[in-house]
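Undergrad: So here's coords-v2.cif (mmCIF, C-alpha atoms).
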```cif
data_data
#
loop_
_atom_site.label_atom_id
_atom_site.label_comp_id
_atom_site.auth_asym_id
_atom_site.auth_seq_id
_atom_site.Cartn_x
_atom_site.Cartn_y
_atom_site.Cartn_z
CA MET B 1 88.69 90.72 80.27
CA SER B 2 86.43 92.89 78.11
CA LEU B 3 83.38 90.73 78.74
CA ARG B 4 83.84 91.11 82.49
CA LEU B 5 84.00 94.90 82.07
CA VAL B 6 80.69 94.81 80.22
CA ARG B 7 79.25 92.73 83.04
CA ALA B 8 80.35 95.20 85.70
CA GLY B 9 78.82 98.07 83.76
CA ALA B 10 75.58 96.17 83.39
CA VAL B 11 75.35 95.78 87.15
CA GLY B 12 75.52 99.54 87.52
CA ALA B 13 72.85 99.93 84.86
CA VAL B 14 70.49 97.69 86.82
CA ALA B 15 70.98 99.83 89.91
CA ALA B 16 70.16 102.94 87.87
CA VAL B 17 66.92 101.35 86.72
CA LEU B 18 65.81 101.02 90.32
CA GLY B 19 65.39 104.75 90.63
CA PHE B 20 62.47 104.51 88.22
CA ALA B 21 61.11 100.98 88.42
CA GLY B 22 59.93 98.49 91.01
CA ALA B 23 56.89 96.46 91.88
CA GLY B 24 56.69 98.06 95.31
CA ALA B 25 58.78 100.00 97.80
CA ALA B 26 59.19 99.13 101.46
CA SER B 27 60.56 101.05 104.43
CA ALA B 28 59.91 99.30 107.72
CA GLN B 29 60.59 99.58 111.39
CA GLY B 30 59.09 97.08 113.76
CA ASN B 31 59.36 93.71 115.43
CA GLY B 32 60.48 90.63 113.57
CA PRO B 33 62.16 90.18 110.19
CA PHE B 34 60.80 92.00 107.18
CA HIS B 35 59.75 89.82 104.24
CA CYS B 36 60.87 91.30 100.92
CA ALA B 37 58.93 89.28 98.35
CA GLY B 38 59.42 90.54 94.83
CA GLY B 39 58.44 88.78 91.64
CA ASP B 40 60.35 86.56 89.27
CA TRP B 41 63.76 87.96 88.36
CA ALA B 42 64.13 85.90 85.18
CA PRO B 43 62.06 87.86 82.56
CA TYR B 44 64.32 90.12 80.52
CA PRO B 45 65.01 92.88 79.71
CA ASP B 46 62.47 94.38 82.16
CA PHE B 47 63.12 92.10 85.11
CA ALA B 48 63.73 95.03 87.50
CA LYS B 49 60.06 95.96 87.19
CA ASN B 50 59.23 92.81 89.12
CA ALA B 51 61.35 93.81 92.10
CA GLN B 52 60.22 94.80 95.52
CA VAL B 53 62.33 97.83 96.38
CA LEU B 54 63.79 97.86 99.88
CA GLY B 55 63.79 101.52 100.82
CA SER B 56 65.82 103.40 103.40
CA GLY B 57 65.09 102.39 106.97
CA THR B 58 65.90 100.04 109.82
CA TYR B 59 64.73 96.43 109.65
CA ASP B 60 64.67 93.81 112.41
CA GLY B 61 66.05 91.09 110.19
CA LEU B 62 65.24 90.36 106.56
CA VAL B 63 63.83 87.40 104.64
CA VAL B 64 64.11 87.55 100.84
CA SER B 65 62.08 85.62 98.32
CA GLY B 66 61.75 86.68 94.72
CA LEU B 67 63.63 89.78 93.58
CA CYS B 68 64.47 92.30 96.33
CA MET B 69 66.54 95.34 95.34
CA VAL B 70 68.07 98.28 97.22
CA PRO B 71 67.85 101.48 95.10
CA ASP B 72 70.59 104.00 94.48
CA HIS B 73 71.39 106.27 97.44
CA ALA B 74 69.22 104.32 99.88
CA VAL B 75 70.54 103.70 103.40
CA VAL B 76 69.35 100.34 104.73
CA SER B 77 70.17 98.97 108.18
CA VAL B 78 69.27 95.35 108.97
CA GLN B 79 69.64 94.60 112.66
CA GLY B 80 69.36 90.86 112.62
CA PRO B 81 69.95 87.90 110.30
CA VAL B 82 69.30 87.95 106.57
CA THR B 83 67.96 84.86 104.79
CA VAL B 84 67.84 84.70 101.01
CA ARG B 85 65.50 81.81 100.38
CA PRO B 86 66.05 79.28 97.57
CA GLY B 87 65.57 81.05 94.24
CA GLY B 88 65.53 84.50 95.85
CA VAL B 89 67.68 87.48 94.90
CA LEU B 90 69.01 90.23 97.17
CA ALA B 91 70.51 92.91 94.91
CA ALA B 92 72.18 95.75 96.82
CA MET B 93 74.34 97.30 94.11
CA GLY B 94 75.24 100.75 92.90
CA PRO B 95 75.83 103.80 95.12
CA GLN B 96 73.83 102.68 98.15
CA THR B 97 74.51 101.69 101.75
CA THR B 98 73.39 98.34 103.17
CA ARG B 99 74.54 97.52 106.69
CA ILE B 100 73.71 94.06 108.06
CA THR B 101 74.27 93.18 111.72
CA GLY B 102 73.70 89.45 111.67
CA HIS B 103 74.54 86.33 109.68
CA VAL B 104 73.63 86.16 105.98
CA THR B 105 72.37 82.81 104.66
CA VAL B 106 71.96 82.24 100.93
CA GLY B 107 69.94 79.22 99.78
CA ARG B 108 70.01 76.88 96.81
CA GLY B 109 69.65 78.66 93.47
CA ALA B 110 69.64 82.08 95.17
CA ILE B 111 71.71 85.17 94.40
CA LEU B 112 73.46 87.57 96.77
CA ALA B 113 74.74 90.75 95.12
CA LEU B 114 76.25 93.16 97.63
CA GLY B 115 78.26 96.21 96.63
CA GLU B 116 79.47 97.97 93.50
CA PRO B 117 82.79 96.81 92.01
CA SER B 118 85.59 99.32 91.56
CA PRO B 119 85.94 100.57 87.97
CA GLU B 120 88.34 98.68 85.74
CA GLY B 121 87.97 101.16 82.92
CA PRO B 122 86.83 104.73 82.19
CA GLY B 123 83.38 106.00 83.03
CA PRO B 124 81.38 107.49 85.92
CA TYR B 125 81.52 105.70 89.23
CA GLU B 126 79.90 106.11 92.64
CA PRO B 127 80.99 103.69 95.38
CA SER B 128 78.77 101.57 97.56
CA HIS B 129 79.11 101.44 101.36
CA ASP B 130 78.07 97.99 102.52
CA SER B 131 78.94 95.85 105.53
CA VAL B 132 78.06 92.54 107.15
CA THR B 133 78.79 91.75 110.78
CA GLY B 134 78.16 88.06 111.27
CA GLY B 135 79.58 86.34 108.21
CA ILE B 136 78.03 84.84 105.07
CA THR B 137 77.09 81.23 104.28
CA ALA B 138 75.99 80.40 100.74
CA ASN B 139 74.92 76.78 100.24
CA GLN B 140 74.40 75.85 96.55
CA PRO B 141 73.82 79.48 95.45
CA LEU B 142 73.29 80.32 91.81
CA ALA B 143 75.70 83.28 92.10
CA VAL B 144 77.45 85.48 94.64
CA TYR B 145 78.74 89.02 94.06
CA LEU B 146 80.67 90.69 96.89
CA ASN B 147 82.30 94.01 96.04
CA ASN B 148 83.77 96.82 98.15
CA ALA B 149 82.14 95.53 101.33
CA ARG B 150 83.45 95.13 104.87
CA ILE B 151 82.60 91.70 106.24
CA VAL B 152 83.28 90.57 109.79
CA GLY B 153 82.93 86.82 110.01
CA HIS B 154 83.73 83.89 107.76
CA VAL B 155 82.57 83.85 104.12
CA SER B 156 81.64 80.37 102.85
CA VAL B 157 80.41 79.29 99.41
CA ARG B 158 79.58 75.60 98.92
CA GLY B 159 78.59 74.22 95.52
CA GLY B 160 75.98 75.71 93.23
CA GLY B 161 76.27 77.85 90.12
CA PRO B 162 74.74 77.63 86.64
CA GLY B 163 77.31 75.04 85.47
CA ASP B 164 80.71 75.45 83.88
CA GLN B 165 79.37 75.22 80.33
CA CYS B 166 77.32 78.40 80.67
CA VAL B 167 77.87 81.21 78.18
CA ASP B 168 77.55 84.65 79.78
CA PRO B 169 75.46 86.91 77.53
CA GLY B 170 76.78 90.11 79.15
CA TRP B 171 73.17 91.07 79.92
CA PRO B 172 71.53 90.33 82.28
CA PRO B 173 74.39 90.71 84.75
CA LEU B 174 72.99 88.39 87.42
CA GLY B 175 73.24 84.67 87.88
CA HIS B 176 76.44 83.71 86.08
CA THR B 177 79.53 84.47 88.17
CA LEU B 178 81.19 84.24 91.56
CA THR B 179 82.80 87.67 91.92
CA ILE B 180 84.64 88.67 95.10
CA LYS B 181 86.47 91.97 94.60
CA ASP B 182 87.84 94.82 96.72
CA ASN B 183 86.44 93.65 100.05
CA THR B 184 87.81 93.64 103.58
CA ILE B 185 86.98 90.26 105.14
CA ILE B 186 87.87 89.61 108.77
CA GLY B 187 87.35 85.92 109.34
CA GLY B 188 88.67 84.11 106.28
CA LEU B 189 87.03 82.71 103.17
CA SER B 190 86.33 79.31 101.64
CA ALA B 191 84.87 78.61 98.19
CA ARG B 192 84.39 74.99 97.20
CA GLY B 193 82.63 73.27 94.33
CA TRP B 194 80.91 76.20 92.59
CA SER B 195 80.70 76.08 88.76
CA GLY B 196 79.68 78.83 86.38
CA CYS B 197 80.81 81.37 83.77
CA TRP B 198 83.58 83.05 85.77
CA ALA B 199 84.97 82.98 89.30
CA GLY B 200 87.58 85.22 90.84
CA LEU B 201 89.09 86.67 93.99
CA LEU B 202 90.63 90.10 93.28
CA ARG B 203 92.14 92.88 95.40
CA ASN B 204 90.68 91.77 98.74
CA THR B 205 92.17 92.24 102.20
CA ILE B 206 91.44 89.06 104.16
CA VAL B 207 92.32 88.33 107.78
CA GLY B 208 92.11 84.57 108.06
CA SER B 209 92.90 81.65 105.79
CA VAL B 210 91.56 81.29 102.25
CA THR B 211 90.64 78.03 100.49
CA TRP B 212 89.65 77.93 96.81
CA SER B 213 89.00 74.37 95.65
CA ASP B 214 87.05 72.27 93.13
CA MET B 215 85.90 75.42 91.31
CA SER B 216 85.00 74.92 87.65
CA ALA B 217 84.21 77.86 85.40
CA ASN B 218 84.29 79.52 81.99
CA LEU B 219 84.84 76.39 79.93
CA ALA B 220 82.42 77.31 77.12
CA TRP B 221 83.50 80.90 76.47
CA PRO B 222 85.19 81.62 73.11
CA GLN B 223 88.40 82.92 74.72
CA GLY B 224 88.99 79.69 76.56
CA PRO B 225 89.46 78.85 80.24
CA ASP B 226 89.78 82.40 81.62
CA SER B 227 88.64 81.95 85.20
CA ASN B 228 89.62 81.13 88.77
CA GLU B 229 91.71 84.30 88.89
CA ILE B 230 93.33 84.92 92.28
CA VAL B 231 94.90 88.36 91.98
CA ALA B 232 96.41 91.11 94.16
CA ASN B 233 94.91 89.92 97.45
CA ARG B 234 96.44 90.66 100.84
CA ILE B 235 95.90 87.69 103.14
CA VAL B 236 96.86 87.32 106.78
CA GLY B 237 96.70 83.55 106.86
CA SER B 238 97.25 80.76 104.35
CA LEU B 239 96.14 80.61 100.70
CA SER B 240 95.27 77.11 99.45
CA CYS B 241 94.02 76.25 95.94
CA TYR B 242 93.27 72.69 94.81
CA ARG B 243 91.57 70.82 91.95
CA ASN B 244 90.25 73.88 90.13
CA THR B 245 89.32 73.87 86.43
CA PRO B 246 91.05 75.85 85.07
CA ALA B 247 93.80 75.90 87.69
CA ALA B 248 93.95 79.02 89.84
CA GLN B 249 95.81 81.74 87.95
CA ILE B 250 96.52 85.43 87.59
CA GLY B 251 95.34 85.19 83.98
CA ASP B 252 94.61 88.43 82.15
CA ALA B 253 93.44 90.19 85.31
CA THR B 254 95.54 92.98 86.78
CA GLY B 255 95.81 94.96 89.97
CA ASN B 256 93.77 97.82 88.52
CA PRO B 257 92.32 100.32 89.32
CA ALA B 258 95.26 101.25 91.56
CA ASN B 259 97.93 99.52 89.42
CA VAL B 260 98.66 97.17 92.30
CA PRO B 261 101.03 94.32 91.36
CA PRO B 262 98.99 91.20 90.62
CA THR B 263 100.94 88.91 92.95
CA ASN B 264 99.11 87.99 96.14
CA LYS B 265 100.74 89.07 99.41
CA VAL B 266 100.22 86.26 101.90
CA VAL B 267 101.35 86.14 105.52
CA GLY B 268 101.39 82.37 105.72
CA PRO B 269 101.92 79.48 103.29
CA LYS B 270 100.71 79.42 99.70
CA ARG B 271 99.63 75.90 98.82
CA GLY B 272 98.69 73.92 95.74
CA GLU B 273 97.90 75.88 92.57
CA CYS B 274 98.38 79.18 94.40
CA ALA B 275 101.96 78.42 95.45
CA GLY B 276 103.33 80.60 92.65
CA LEU B 277 100.68 83.30 92.74
#
```
Could you rewrite the structure in this file as structure tokens?
TA:
Amino acid sequence: MSLRLVRAGAVGAVAAVLGFAGAGAASAQGNGPFHCAGGDWAPYPDFAKNAQVLGSGTYDGLVVSGLCMVPDHAVVSVQGPVTVRPGGVLAAMGPQTTRITGHVTVGRGAILALGEPSPEGPGPYEPSHDSVTGGITANQPLAVYLNNARIVGHVSVRGGGPGDQCVDPGWPPLGHTLTIKDNTIIGGLSARGWSGCWAGLLRNTIVGSVTWSDMSANLAWPQGPDSNEIVANRIVGSLSCYRNTPAAQIGDATGNPANVPPTNKVVGPKRGECAGL
């Protein structure tokens, strides 16, 4: 659990960096999708300096290649589809507002990071205010982070990830996990075949059925197979979990920050590994 807390704090630290660093800032209004084309996100520890900063404004769609980041306290409205091209990164984290009216597509080896997770420990916290109307499809993504967002439409993750033998260094915070926490999702969710350092579905309200299958994560960490945690969700639909490694579990996660009981409340059948969760 402690390593995940470090990871969440690191995400906030990246967002703070954006107030002072970035390869270029953009604020656009006009016809056609805006192309946010930052540099390589891999060089550390100064990778944020390679970002193109997506400033406050209204965009007629968005295409992301390279590292594209929304800074703290920005208000971004995308009125059209968003495409994160293979290898691209859209990082909208920290206390910002990103509203997307259109479908979000995430390509092979790409990263979508939308929203700031709720605190699971002491420290300062400012919430994000993000939404997607149109659903999300991630096909072979490297990582997906959805936190405290409102999503209308189905969320789908198929394959991808850095591999279940990865060892999360704690920093950088991107590219290692599949983290879906504290969202409202109206349209159901399916995650199949992703493998990485950690994967979990915590404290979400989901209208529609949920499938979590063939997920493989966290097998190389010193504390053992601490992953595939399905905790404190409210689901209006079925919850089905199959062939996960480790098996879907509550694990050491809790219902914090609101001390919610960890058991999932499901209006519909619980199937497979999630039958007792």
Undergrad: Counting all atoms listed in the file, which residue out of B:Pro33, B:Pro81, B:Gly200, B:Pro225 sits closest to Val104 in chain B?
TA: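 The closest residue to Val104 in chain B is B:Pro81.
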Undergrad: Using the chain letters and numbers from the file, give me the residues hit by the PyMOL selection byres ((chain B and resi 190) around 7), as a VMD selection string.
TA: chain B and resid 155 to 157 189 191 to 192 210 to 212
Undergrad: The centre and edge lengths of an axis-aligned box containing all atoms of range 129-145 of chain B present in the file, extended by 8 Å on each side, are to be given in Å to one decimal, as JSON.
TA:
```
{"center_x": 76.4, "center_y": 88.6, "center_z": 101.5, "size_x": 22.3, "size_y": 41.6, "size_z": 35.5}
```
Undergrad: Nearest to Pro117 in chain B: which of B:Ala138, B:Asp226, B:Asp182, B:Gln79 is it, counting only C-alpha atoms?
TA: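 Once distances to Pro117 in chain B are computed over only C-alpha atoms, the minimum belongs to B:Asp182.
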Undergrad: Starting from the displayed file, determine the output of the PyMOL selection byres ((chain B and resi 238) around 8) and express the residue list as a compact mmCIF listing (two decimals) with C-alpha atoms, keeping the file's coordinate frame.
TA:
```
# COMPACT_ATOMS: atom_id res chain seq x y z
CA GLY B 208 92.11 84.57 108.06
CA SER B 209 92.90 81.65 105.79
CA VAL B 210 91.56 81.29 102.25
CA ILE B 235 95.90 87.69 103.14
CA VAL B 236 96.86 87.32 106.78
CA GLY B 237 96.70 83.55 106.86
CA LEU B 239 96.14 80.61 100.70
CA SER B 240 95.27 77.11 99.45
CA VAL B 266 100.22 86.26 101.90
CA VAL B 267 101.35 86.14 105.52
CA GLY B 268 101.39 82.37 105.72
CA PRO B 269 101.92 79.48 103.29
CA LYS B 270 100.71 79.42 99.70
CA ARG B 271 99.63 75.90 98.82
```
